[in-house]
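**Q** So I've got this file, data_27.pdb, and it contains PDB, C-alpha atoms and all ligand atoms:
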```pdb
ATOM      1  CA  MET A   1       0.000   0.000   0.000
ATOM      2  CA  SER A   2       1.151   3.527  -0.673
ATOM      3  CA  ASP A   3       1.115   6.245   1.911
ATOM      4  CA  LYS A   4       1.469   8.861  -0.779
ATOM      5  CA  ALA A   5      -1.095  11.529   0.038
ATOM      6  CA  LEU A   6      -3.494  12.348  -2.786
ATOM      7  CA  PRO A   7      -5.096  15.758  -2.944
ATOM      8  CA  GLN A   8      -8.784  15.652  -2.106
ATOM      9  CA  PHE A   9      -9.504  17.818  -5.092
ATOM     10  CA  PRO A  10      -8.620  15.559  -7.987
ATOM     11  CA  ALA A  11      -7.935  18.357 -10.360
ATOM     12  CA  GLU A  12      -5.173  20.475 -11.626
ATOM     13  CA  THR A  13      -6.219  23.974 -12.460
ATOM     14  CA  SER A  14      -4.856  26.602 -14.797
ATOM     15  CA  ALA A  15      -4.170  30.223 -13.843
ATOM     16  CA  ASP A  16      -7.831  31.222 -14.256
ATOM     17  CA  GLY A  17      -9.111  28.241 -12.294
ATOM     18  CA  ALA A  18     -10.058  26.038 -15.239
ATOM     19  CA  PHE A  19      -9.929  22.293 -14.610
ATOM     20  CA  VAL A  20      -7.202  20.525 -16.593
ATOM     21  CA  ARG A  21      -7.510  16.764 -16.883
ATOM     22  CA  GLN A  22      -4.350  14.745 -16.346
ATOM     23  CA  GLU A  23      -2.688  12.708 -19.091
ATOM     24  CA  TYR A  24      -3.186   8.980 -19.109
ATOM     25  CA  SER A  25      -0.192   6.990 -18.114
ATOM     26  CA  ILE A  26      -0.472   3.241 -18.760
ATOM     27  CA  ARG A  27      -1.349   2.699 -22.367
ATOM     28  CA  ASP A  28      -0.639  -0.802 -23.590
ATOM     29  CA  ARG A  29      -3.234  -2.391 -25.848
ATOM     30  CA  ILE A  30      -4.863  -5.802 -25.890
ATOM     31  CA  THR A  31      -4.911  -7.219 -29.409
ATOM     32  CA  ALA A  32      -6.731 -10.083 -31.119
ATOM     33  CA  ASP A  33      -3.492 -11.378 -32.668
ATOM     34  CA  GLY A  34      -1.369 -10.797 -29.574
ATOM     35  CA  SER A  35       1.054  -8.560 -31.489
ATOM     36  CA  SER A  36       1.080  -6.060 -28.621
ATOM     37  CA  GLY A  37       2.207  -8.727 -26.163
ATOM     38  CA  PHE A  38      -1.259  -8.755 -24.588
ATOM     39  CA  PRO A  39      -3.457 -11.194 -26.539
ATOM     40  CA  ALA A  40      -7.237 -11.164 -26.114
ATOM     41  CA  GLU A  41      -7.769 -14.348 -24.103
ATOM     42  CA  ALA A  42     -10.528 -15.618 -21.857
ATOM     43  CA  GLY A  43      -9.749 -15.639 -18.131
ATOM     44  CA  ARG A  44      -6.575 -13.568 -18.399
ATOM     45  CA  TYR A  45      -7.686 -10.011 -17.633
ATOM     46  CA  HIS A  46      -9.403  -8.327 -14.704
ATOM     47  CA  LEU A  47     -11.208  -5.017 -15.039
ATOM     48  CA  TYR A  48     -11.114  -2.707 -12.006
ATOM     49  CA  VAL A  49     -14.023  -0.268 -11.861
ATOM     50  CA  SER A  50     -15.932   2.056  -9.621
ATOM     51  CA  LEU A  51     -19.700   1.977 -10.106
ATOM     52  CA  ALA A  52     -19.635   5.721  -9.430
ATOM     53  CA  CYS A  53     -17.221   6.627 -12.197
ATOM     54  CA  PRO A  54     -18.619   7.553 -15.625
ATOM     55  CA  TRP A  55     -15.390   6.575 -17.411
ATOM     56  CA  ALA A  56     -15.395   3.146 -15.799
ATOM     57  CA  HIS A  57     -19.133   2.777 -16.346
ATOM     58  CA  ARG A  58     -18.597   2.739 -20.104
ATOM     59  CA  SER A  59     -16.471  -0.381 -19.832
ATOM     60  CA  ILE A  60     -19.013  -2.089 -17.555
ATOM     61  CA  ILE A  61     -21.810  -1.495 -20.077
ATOM     62  CA  VAL A  62     -19.724  -2.642 -23.042
ATOM     63  CA  ARG A  63     -18.537  -5.773 -21.193
ATOM     64  CA  THR A  64     -22.184  -6.632 -20.459
ATOM     65  CA  LEU A  65     -23.552  -5.863 -23.939
ATOM     66  CA  LEU A  66     -20.859  -8.002 -25.567
ATOM     67  CA  GLY A  67     -21.358 -10.891 -23.128
ATOM     68  CA  LEU A  68     -17.767 -10.745 -21.881
ATOM     69  CA  GLU A  69     -18.595 -11.293 -18.199
ATOM     70  CA  ASP A  70     -17.062 -14.776 -18.140
ATOM     71  CA  THR A  71     -14.105 -13.717 -20.285
ATOM     72  CA  ILE A  72     -13.007 -10.659 -18.330
ATOM     73  CA  SER A  73     -13.551 -10.700 -14.576
ATOM     74  CA  MET A  74     -14.422  -7.460 -12.824
ATOM     75  CA  GLY A  75     -13.689  -5.953  -9.407
ATOM     76  CA  VAL A  76     -15.565  -3.046  -7.857
ATOM     77  CA  VAL A  77     -13.895  -0.557  -5.516
ATOM     78  CA  ASP A  78     -15.607   1.065  -2.566
ATOM     79  CA  PRO A  79     -17.331   4.312  -3.640
ATOM     80  CA  ILE A  80     -15.697   6.401  -0.936
ATOM     81  CA  ARG A  81     -12.181   7.436  -1.861
ATOM     82  CA  ASP A  82      -9.899   9.062   0.701
ATOM     83  CA  ASP A  83      -6.353  10.361   0.497
ATOM     84  CA  ARG A  84      -5.080   6.827  -0.071
ATOM     85  CA  GLY A  85      -7.122   6.460  -3.252
ATOM     86  CA  TRP A  86      -9.625   3.763  -4.229
ATOM     87  CA  ARG A  87      -9.966   0.923  -1.763
ATOM     88  CA  PHE A  88     -11.480  -2.549  -1.679
ATOM     89  CA  ALA A  89     -13.767  -2.567   1.336
ATOM     90  CA  ARG A  90     -13.763  -5.773   3.327
ATOM     91  CA  GLY A  91     -16.426  -7.528   5.322
ATOM     92  CA  GLU A  92     -20.031  -8.392   4.712
ATOM     93  CA  GLY A  93     -21.633  -6.887   1.658
ATOM     94  CA  HIS A  94     -18.303  -5.653   0.291
ATOM     95  CA  ASP A  95     -16.223  -6.790  -2.646
ATOM     96  CA  ALA A  96     -12.700  -7.782  -1.568
ATOM     97  CA  ASP A  97     -10.174  -7.835  -4.388
ATOM     98  CA  GLY A  98     -10.533 -11.375  -5.681
ATOM     99  CA  VAL A  99      -7.369 -11.382  -7.804
ATOM    100  CA  CYS A 100      -4.372 -10.169  -5.794
ATOM    101  CA  ASN A 101      -6.104  -9.455  -2.500
ATOM    102  CA  PHE A 102      -5.107  -5.820  -2.771
ATOM    103  CA  GLU A 103      -6.481  -3.477  -0.156
ATOM    104  CA  PHE A 104      -5.898  -0.364  -2.257
ATOM    105  CA  LEU A 105      -5.928   0.066  -6.024
ATOM    106  CA  SER A 106      -2.595   1.866  -5.653
ATOM    107  CA  GLU A 107      -1.030  -1.547  -5.044
ATOM    108  CA  ALA A 108      -1.863  -2.609  -8.603
ATOM    109  CA  TYR A 109      -0.250   0.563  -9.966
ATOM    110  CA  LEU A 110       2.863   0.271  -7.811
ATOM    111  CA  ARG A 111       3.299  -3.408  -8.585
ATOM    112  CA  THR A 112       3.188  -2.461 -12.265
ATOM    113  CA  ASP A 113       5.677   0.346 -11.815
ATOM    114  CA  PRO A 114       7.164   1.049  -8.380
ATOM    115  CA  SER A 115       8.066   4.553  -9.520
ATOM    116  CA  PHE A 116       4.525   5.362 -10.729
ATOM    117  CA  THR A 117       3.654   8.938  -9.810
ATOM    118  CA  GLY A 118       0.321   9.402 -11.620
ATOM    119  CA  ARG A 119      -3.132   9.089 -10.136
ATOM    120  CA  TYR A 120      -4.535   5.683  -9.300
ATOM    121  CA  THR A 121      -7.581   5.798 -11.531
ATOM    122  CA  VAL A 122     -10.379   3.504 -12.629
ATOM    123  CA  PRO A 123     -11.035   1.921 -15.020
ATOM    124  CA  CYS A 124      -7.865  -0.129 -15.417
ATOM    125  CA  ILE A 125      -7.125  -3.660 -16.590
ATOM    126  CA  TRP A 126      -4.899  -6.114 -14.718
ATOM    127  CA  ASP A 127      -3.134  -8.963 -16.542
ATOM    128  CA  ARG A 128      -2.925 -12.175 -14.507
ATOM    129  CA  VAL A 129      -0.078 -13.527 -16.683
ATOM    130  CA  THR A 130       2.395 -10.648 -16.481
ATOM    131  CA  GLN A 131       1.070  -9.515 -13.067
ATOM    132  CA  ARG A 132       0.750  -5.885 -14.081
ATOM    133  CA  LEU A 133      -1.729  -3.328 -15.328
ATOM    134  CA  VAL A 134      -2.092  -3.226 -19.095
ATOM    135  CA  THR A 135      -3.977   0.053 -19.393
ATOM    136  CA  ASN A 136      -5.842   2.730 -17.501
ATOM    137  CA  ASN A 137      -6.744   4.588 -20.679
ATOM    138  CA  TYR A 138     -10.539   4.413 -20.711
ATOM    139  CA  PRO A 139     -11.116   5.314 -24.393
ATOM    140  CA  ASP A 140      -8.924   2.385 -25.478
ATOM    141  CA  ILE A 141     -10.563  -0.058 -23.081
ATOM    142  CA  THR A 142     -14.024  -0.031 -24.678
ATOM    143  CA  ILE A 143     -12.653   0.074 -28.217
ATOM    144  CA  ASP A 144     -10.449  -2.958 -27.510
ATOM    145  CA  LEU A 145     -13.349  -4.894 -26.001
ATOM    146  CA  GLU A 146     -15.371  -4.088 -29.116
ATOM    147  CA  THR A 147     -12.754  -4.745 -31.776
ATOM    148  CA  GLN A 148     -10.139  -7.118 -30.334
ATOM    149  CA  PHE A 149     -12.292  -9.538 -28.319
ATOM    150  CA  THR A 150     -14.741 -10.269 -31.143
ATOM    151  CA  ALA A 151     -13.952 -14.008 -31.162
ATOM    152  CA  LEU A 152     -15.086 -14.107 -27.536
ATOM    153  CA  HIS A 153     -18.247 -11.994 -27.878
ATOM    154  CA  LYS A 154     -21.601 -13.692 -27.288
ATOM    155  CA  PRO A 155     -23.199 -14.896 -30.542
ATOM    156  CA  ASP A 156     -25.719 -12.054 -30.956
ATOM    157  CA  ALA A 157     -23.453  -9.285 -29.662
ATOM    158  CA  PRO A 158     -24.014  -5.846 -31.208
ATOM    159  CA  ASP A 159     -21.274  -4.202 -33.255
ATOM    160  CA  LEU A 160     -20.746  -1.056 -31.191
ATOM    161  CA  TYR A 161     -17.931   0.353 -33.330
ATOM    162  CA  PRO A 162     -18.840  -0.617 -36.909
ATOM    163  CA  ALA A 163     -16.182   0.206 -39.494
ATOM    164  CA  HIS A 164     -18.482   2.278 -41.705
ATOM    165  CA  LEU A 165     -19.516   4.549 -38.813
ATOM    166  CA  ARG A 166     -16.174   4.962 -37.060
ATOM    167  CA  GLU A 167     -15.350   8.368 -38.450
ATOM    168  CA  ALA A 168     -18.764   9.763 -37.501
ATOM    169  CA  ILE A 169     -18.615   8.131 -34.065
ATOM    170  CA  ASP A 170     -15.158   9.592 -33.388
ATOM    171  CA  GLU A 171     -16.362  13.055 -34.422
ATOM    172  CA  VAL A 172     -19.367  13.011 -32.115
ATOM    173  CA  ASN A 173     -17.313  11.503 -29.305
ATOM    174  CA  ALA A 174     -14.788  14.333 -29.480
ATOM    175  CA  LEU A 175     -17.510  16.983 -29.089
ATOM    176  CA  VAL A 176     -19.366  15.068 -26.402
ATOM    177  CA  TYR A 177     -16.134  14.461 -24.504
ATOM    178  CA  ARG A 178     -15.045  18.088 -24.582
ATOM    179  CA  ASP A 179     -18.351  19.729 -23.724
ATOM    180  CA  VAL A 180     -20.333  17.078 -21.850
ATOM    181  CA  ASN A 181     -18.317  14.148 -20.416
ATOM    182  CA  ASN A 182     -15.429  16.360 -19.348
ATOM    183  CA  GLY A 183     -17.536  19.531 -19.441
ATOM    184  CA  VAL A 184     -19.344  18.655 -16.210
ATOM    185  CA  TYR A 185     -15.954  18.194 -14.515
ATOM    186  CA  ARG A 186     -14.715  21.490 -15.916
ATOM    187  CA  ALA A 187     -17.737  23.151 -14.339
ATOM    188  CA  GLY A 188     -17.552  21.247 -11.054
ATOM    189  CA  PHE A 189     -13.810  21.526 -10.480
ATOM    190  CA  ALA A 190     -13.391  25.115 -11.675
ATOM    191  CA  THR A 191     -11.927  27.375  -9.027
ATOM    192  CA  GLY A 192     -12.657  30.630 -10.841
ATOM    193  CA  GLN A 193     -16.036  32.170 -11.761
ATOM    194  CA  ALA A 194     -15.183  32.839 -15.410
ATOM    195  CA  ALA A 195     -13.794  29.331 -15.972
ATOM    196  CA  TYR A 196     -16.905  27.833 -14.368
ATOM    197  CA  GLU A 197     -19.280  29.916 -16.491
ATOM    198  CA  ARG A 198     -17.394  29.090 -19.668
ATOM    199  CA  ALA A 199     -17.709  25.374 -18.953
ATOM    200  CA  VAL A 200     -21.411  25.629 -18.095
ATOM    201  CA  ASP A 201     -22.199  27.655 -21.211
ATOM    202  CA  ARG A 202     -20.436  25.151 -23.463
ATOM    203  CA  LEU A 203     -22.093  22.228 -21.720
ATOM    204  CA  PHE A 204     -25.624  23.551 -22.100
ATOM    205  CA  ALA A 205     -25.047  24.709 -25.679
ATOM    206  CA  ARG A 206     -23.969  21.155 -26.469
ATOM    207  CA  LEU A 207     -27.025  19.712 -24.711
ATOM    208  CA  VAL A 208     -29.231  21.850 -26.970
ATOM    209  CA  TRP A 209     -27.280  20.561 -29.981
ATOM    210  CA  LEU A 210     -27.823  16.988 -28.790
ATOM    211  CA  GLU A 211     -31.504  17.645 -28.068
ATOM    212  CA  ASP A 212     -31.964  18.813 -31.673
ATOM    213  CA  ARG A 213     -29.983  15.918 -33.114
ATOM    214  CA  LEU A 214     -32.064  13.397 -31.190
ATOM    215  CA  ALA A 215     -35.336  14.907 -32.425
ATOM    216  CA  ASN A 216     -35.042  13.031 -35.693
ATOM    217  CA  GLN A 217     -32.902  10.053 -34.883
ATOM    218  CA  ARG A 218     -33.045   7.423 -32.171
ATOM    219  CA  TYR A 219     -29.270   7.081 -31.742
ATOM    220  CA  LEU A 220     -26.411   9.557 -31.885
ATOM    221  CA  VAL A 221     -24.794   8.044 -34.988
ATOM    222  CA  GLY A 222     -26.439   5.986 -37.719
ATOM    223  CA  ASP A 223     -29.520   3.910 -36.954
ATOM    224  CA  GLN A 224     -27.974   1.644 -34.355
ATOM    225  CA  LEU A 225     -26.610   1.714 -30.844
ATOM    226  CA  THR A 226     -22.896   2.565 -30.849
ATOM    227  CA  GLU A 227     -19.992   3.481 -28.610
ATOM    228  CA  ALA A 228     -21.114   7.122 -28.948
ATOM    229  CA  ASP A 229     -24.392   6.400 -27.148
ATOM    230  CA  ILE A 230     -22.655   4.597 -24.318
ATOM    231  CA  ARG A 231     -20.258   7.501 -23.781
ATOM    232  CA  LEU A 232     -23.096  10.020 -23.611
ATOM    233  CA  PHE A 233     -25.318   7.793 -21.454
ATOM    234  CA  THR A 234     -22.885   7.531 -18.536
ATOM    235  CA  THR A 235     -22.859  11.305 -18.146
ATOM    236  CA  LEU A 236     -26.616  11.728 -18.686
ATOM    237  CA  VAL A 237     -27.519   9.115 -16.085
ATOM    238  CA  ARG A 238     -25.498  11.035 -13.438
ATOM    239  CA  PHE A 239     -26.733  14.458 -14.500
ATOM    240  CA  ASP A 240     -29.685  15.182 -12.240
ATOM    241  CA  ALA A 241     -28.342  13.080  -9.364
ATOM    242  CA  VAL A 242     -24.910  14.708  -9.056
ATOM    243  CA  TYR A 243     -23.836  17.093 -11.804
ATOM    244  CA  TYR A 244     -26.844  19.400 -11.456
ATOM    245  CA  GLY A 245     -26.238  20.005  -7.759
ATOM    246  CA  HIS A 246     -22.728  18.960  -6.781
ATOM    247  CA  PHE A 247     -21.048  20.287  -9.951
ATOM    248  CA  LYS A 248     -23.379  23.321 -10.287
ATOM    249  CA  CYS A 249     -24.533  22.341 -13.799
ATOM    250  CA  ASN A 250     -27.940  23.748 -13.005
ATOM    251  CA  LEU A 251     -29.281  25.762 -15.910
ATOM    252  CA  ARG A 252     -31.609  22.856 -16.650
ATOM    253  CA  ARG A 253     -32.060  19.251 -15.598
ATOM    254  CA  LEU A 254     -31.903  16.253 -17.914
ATOM    255  CA  VAL A 255     -35.646  15.734 -17.406
ATOM    256  CA  ASP A 256     -36.256  19.198 -18.912
ATOM    257  CA  TYR A 257     -35.039  18.044 -22.353
ATOM    258  CA  PRO A 258     -37.766  15.833 -23.864
ATOM    259  CA  ASN A 259     -35.570  14.164 -26.477
ATOM    260  CA  LEU A 260     -32.500  13.678 -24.313
ATOM    261  CA  TRP A 261     -34.597  12.433 -21.408
ATOM    262  CA  GLY A 262     -36.495   9.990 -23.626
ATOM    263  CA  TYR A 263     -33.223   8.872 -25.222
ATOM    264  CA  ALA A 264     -31.601   8.313 -21.812
ATOM    265  CA  ARG A 265     -34.608   6.238 -20.635
ATOM    266  CA  ASP A 266     -34.596   4.277 -23.893
ATOM    267  CA  LEU A 267     -31.044   3.185 -23.072
ATOM    268  CA  PHE A 268     -31.577   2.787 -19.322
ATOM    269  CA  GLN A 269     -34.460   0.378 -19.881
ATOM    270  CA  ARG A 270     -32.377  -2.022 -22.005
ATOM    271  CA  PRO A 271     -30.356  -4.950 -20.718
ATOM    272  CA  GLY A 272     -26.798  -3.830 -19.971
ATOM    273  CA  PHE A 273     -27.658  -0.241 -19.047
ATOM    274  CA  GLY A 274     -30.036   0.235 -16.094
ATOM    275  CA  GLU A 275     -28.756  -2.873 -14.320
ATOM    276  CA  THR A 276     -25.253  -1.373 -14.305
ATOM    277  CA  VAL A 277     -26.363   1.942 -12.765
ATOM    278  CA  ASN A 278     -25.870   2.222  -9.009
ATOM    279  CA  PHE A 279     -27.216   5.557  -7.765
ATOM    280  CA  ASP A 280     -26.138   4.785  -4.204
ATOM    281  CA  HIS A 281     -22.479   4.468  -5.232
ATOM    282  CA  ILE A 282     -22.787   7.457  -7.571
ATOM    283  CA  LYS A 283     -24.237   9.810  -4.965
ATOM    284  CA  ARG A 284     -22.063   8.690  -2.067
ATOM    285  CA  HIS A 285     -18.913   8.885  -4.162
ATOM    286  CA  TYR A 286     -19.383  12.401  -5.482
ATOM    287  CA  TYR A 287     -20.879  14.012  -2.393
ATOM    288  CA  MET A 288     -18.533  12.315   0.096
ATOM    289  CA  THR A 289     -15.241  12.454  -1.798
ATOM    290  CA  HIS A 290     -14.765  16.025  -2.991
ATOM    291  CA  ASP A 291     -14.278  17.819   0.297
ATOM    292  CA  ALA A 292     -13.459  21.134  -1.365
ATOM    293  CA  ILE A 293     -16.903  21.147  -2.997
ATOM    294  CA  ASN A 294     -18.993  19.513  -0.269
ATOM    295  CA  PRO A 295     -17.113  19.685   3.033
ATOM    296  CA  THR A 296     -20.082  18.458   5.108
ATOM    297  CA  ARG A 297     -20.193  15.262   3.020
ATOM    298  CA  ILE A 298     -23.980  15.309   3.320
ATOM    299  CA  VAL A 299     -25.581  13.242   0.559
ATOM    300  CA  PRO A 300     -28.832  14.781  -0.686
ATOM    301  CA  LYS A 301     -31.912  12.569  -0.527
ATOM    302  CA  GLY A 302     -33.201  13.500  -3.963
ATOM    303  CA  PRO A 303     -33.887  13.943  -6.690
ATOM    304  CA  ILE A 304     -36.799  11.588  -7.176
ATOM    305  CA  VAL A 305     -36.610  10.548 -10.827
ATOM    306  CA  ASP A 306     -38.485   7.634 -12.375
ATOM    307  CA  TRP A 307     -36.177   6.105 -14.959
ATOM    308  CA  ASN A 308     -38.759   3.477 -15.850
ATOM    309  CA  ILE A 309     -41.408   5.811 -17.279
ATOM    310  CA  PRO A 310     -42.168   4.501 -20.776
ATOM    311  CA  HIS A 311     -40.467   6.401 -23.605
ATOM    312  CA  ASP A 312     -41.674   6.905 -27.164
ATOM    313  CA  ARG A 313     -38.314   6.460 -28.852
ATOM    314  CA  GLY A 314     -38.493   4.259 -31.905
ATOM    315  CA  THR A 315     -42.174   4.880 -32.502
ATOM    316  CA  HIS A 316     -42.022   7.914 -34.830
ATOM    317  CA  ALA A 317     -39.516   8.933 -37.501
ATOM    318  CA  ARG A 318     -36.804   8.289 -34.975
TER     319      ARG A 318
HETATM  320  N1  LIG B   1      -7.955   7.970 -16.150
HETATM  321  C1  LIG B   1      -8.725   9.026 -16.688
HETATM  322  C2  LIG B   1     -10.155   9.124 -16.213
HETATM  323  C3  LIG B   1     -10.572   8.189 -15.179
HETATM  324  C4  LIG B   1     -10.868   8.949 -13.942
HETATM  325  O1  LIG B   1     -10.727  10.192 -13.852
HETATM  326  N2  LIG B   1     -11.299   8.190 -12.968
HETATM  327  C5  LIG B   1     -11.545   8.805 -11.681
HETATM  328  C6  LIG B   1     -12.890   8.366 -11.154
HETATM  329  S1  LIG B   1     -14.242   9.061 -12.082
HETATM  330  C7  LIG B   1     -10.500   8.294 -10.724
HETATM  331  O2  LIG B   1     -10.229   7.115 -10.662
HETATM  332  N3  LIG B   1      -9.918   9.202  -9.961
HETATM  333  C8  LIG B   1      -8.962   8.836  -8.962
HETATM  334  C9  LIG B   1      -8.041   9.956  -8.652
HETATM  335  O3  LIG B   1      -8.039  10.945  -9.388
HETATM  336  O4  LIG B   1      -7.314   9.835  -7.659
HETATM  337  C10 LIG B   1      -8.038  10.342 -16.583
HETATM  338  O5  LIG B   1      -6.907  10.316 -16.189
HETATM  339  O6  LIG B   1      -8.611  11.362 -16.919
END
```
The structure in this file should be written as structure tokens.

**A**
Amino acid sequence: MSDKALPQFPAETSADGAFVRQEYSIRDRITADGSSGFPAEAGRYHLYVSLACPWAHRSIIVRTLLGLEDTISMGVVDPIRDDRGWRFARGEGHDADGVCNFEFLSEAYLRTDPSFTGRYTVPCIWDRVTQRLVTNNYPDITIDLETQFTALHKPDAPDLYPAHLREAIDEVNALVYRDVNNGVYRAGFATGQAAYERAVDRLFARLVWLEDRLANQRYLVGDQLTEADIRLFTTLVRFDAVYYGHFKCNLRRLVDYPNLWGYARDLFQRPGFGETVNFDHIKRHYYMTHDAINPTRIVPKGPIVDWNIPHDRGTHAR
């Protein structure tokens, strides 16, 4: 275990208080042909996630949709992170680390590289053969599950990153990442008024853009579910519960956008989505971990939102 103290405010900020996301640091790839040294094999890899984390949530959804649960095992950290980083809670009702019996996720990072000085983030993938982390780069993780593990997908698995849509998916992903996925963090972790307002304005302008786009089509790209939808979903599902209040993204709620709200429910109500959402972990993590934003660590009781209200997606033109 490391005793390296981590700042409670997991953000670096620029001179005007804008949140700057750190660079990724472990970036090996898993490949179908094994040319990277990490072949896609059943039973070899272990995915570490937090159910609170939107970046990790993408990999949980993709793993489920592709039927990779028996191929890639998964470990869930405790939602409350302190200055020692993510931890595997022990005792009844908790998930101990079933692979290396780590107490802290930092142990996986330091066993991979004893001189590692980055942040101990989820998601990350542990390799049982080489006894090290392969990657903590979340955009690569889902793409590799989709494109390199195809021989191990369940028979009717969807193609979430189809070759003919890749360019369009990448384009939408870049905008959604900048303004929405990372935009909520830029708003929430800003330490200056102007930087905060800039992030909020960009975020809500992009939500209007998405609302319009989803007026005439059921999915973000093409006429099928893709990686782009999964990336947007994990931010939308947290929006009213944590980003609206805790991160001050409060011009409007998700439920105020008819198309986005219907779209989010359409996804939530499918296998692989709603069952992977844990609002208890989400709310406790955000409200109890960022002491600079919520020093009392009080977790709000609301909002009351019914994610199971029927939606009309797929019934009209879209
Ligand atoms: N690894 C990515 C994103 C993943 C990420 O930020 N995960 C968060 C949870 S949502 C985390 O594990 N944070 C731990 C920390 O910063 O100490 C990055 O560096 O931007």

**Q** Would you write out, as a PyMOL selection string, every residue that the PyMOL selection byres (((not hetatm)) within 10 of (chain B and resi 1)) captures in this file?

**A** chain A and resi 6-11+20-26+48-57+77+79+81-86+105-106+118-124+135-139+182+185+282+285-286

**Q** Restricting the calculation to all atoms listed in the file: of A:Leu232, A:Leu160, A:Leu175, A:Cys249, which residue gets closest to Tyr263 in chain A?

**A**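 Comparing A:Leu232, A:Leu160, A:Leu175, A:Cys249 against Tyr263 in chain A, the winner is A:Leu232.
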
**Q** As an mmCIF file with C-alpha atoms, keeping the file's coordinate frame, please: the residues near Arg313 in chain A (cut-off 7 Å, only C-alpha atoms, same-chain neighbours under 3 positions excluded).

**A**
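Final file, selection-v5.cif:
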```cif
data_model
loop_
_atom_site.group_PDB
_atom_site.id
_atom_site.type_symbol
_atom_site.label_atom_id
_atom_site.label_comp_id
_atom_site.auth_asym_id
_atom_site.auth_seq_id
_atom_site.Cartn_x
_atom_site.Cartn_y
_atom_site.Cartn_z
ATOM 1 C CA ARG A 218 -33.045 7.423 -32.171
ATOM 2 C CA GLY A 262 -36.495 9.990 -23.626
ATOM 3 C CA TYR A 263 -33.223 8.872 -25.222
ATOM 4 C CA ASP A 266 -34.596 4.277 -23.893
ATOM 5 C CA ARG A 318 -36.804 8.289 -34.975
#
```

**Q** Excluding Met288 in chain A and residues on its chain fewer than 6 positions from it, collect all residues at most 8 Å away from it, counting only C-alpha atoms, and give them as number ranges by chain.

**A** A: 80, 294, 297-299

**Q** Could you tell me how far CA of Ala157 in chain A sits from CA of Gly67 in chain A, in Å to one decimal place?

**A**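 These atoms are spaced 7.0 Å apart.
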
**Q** As a check of understanding, name the residues that the PyMOL selection byres (((chain A and resi 209) around 12) and not hetatm) selects in the supplied structure, as a ChimeraX atom specification.

**A** /A:172,175-176,179-180,202-208,210-215,220,257,259-260

**Q** Under the PyMOL selection byres (((chain A and resi 127) around 12) and not hetatm), which residues of this model are included? Write them out as a VMD selection string.

**A** chain A and resid 28 to 30 37 to 48 72 to 74 99 to 100 108 to 109 111 to 112 124 to 126 128 to 135

**Q** Which is closer to Asp306 in chain A than all the others in A:Phe273, A:Glu167, A:Ala264, A:His281, using only C-alpha atoms?

**A**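 Of the candidates, the smallest distance to Asp306 in chain A is held by A:Ala264.
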
**Q** Tell me which of A:Val242, A:Leu66, A:Ile309, A:Leu267 sits closest to Arg284 in chain A, counting all atoms listed in the file.

**A** A:Val242

**Q** Between A:Thr117, A:Asn216, A:Ala89, A:Ala187, which residue has the minimum interatomic distance to Thr315 in chain A, considering all atoms listed in the file?

**A** A:Asn216

**Q** Just want the 7 Å neighbourhood of Gly17 in chain A, counted on all atoms listed in the file, with same-chain residues fewer than 5 positions away dropped. Output as a VMD selection string.

**A** chain A and resid 190 to 192 195

**Q** Do you have the CA of Gly274 in chain A-CA of Ile60 in chain A distance handy?

**A**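 Between CA of Gly274 in chain A and CA of Ile60 in chain A the gap is 11.4 Å.
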
**Q** Choose the residue, out of A:Arg238, A:Arg231, A:Arg90, A:Arg166, that has the smallest atom-to-atom separation from Ser59 in chain A; count all atoms listed in the file.

**A**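 Smallest separation from Ser59 in chain A among the options: A:Arg231.
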
**Q** To one decimal place in Å, what is the distance between CA of Ala199 in chain A and CA of Ala228 in chain A?

**A**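 Atom-to-atom, CA of Ala199 in chain A to CA of Ala228 in chain A, that is 21.1 Å.
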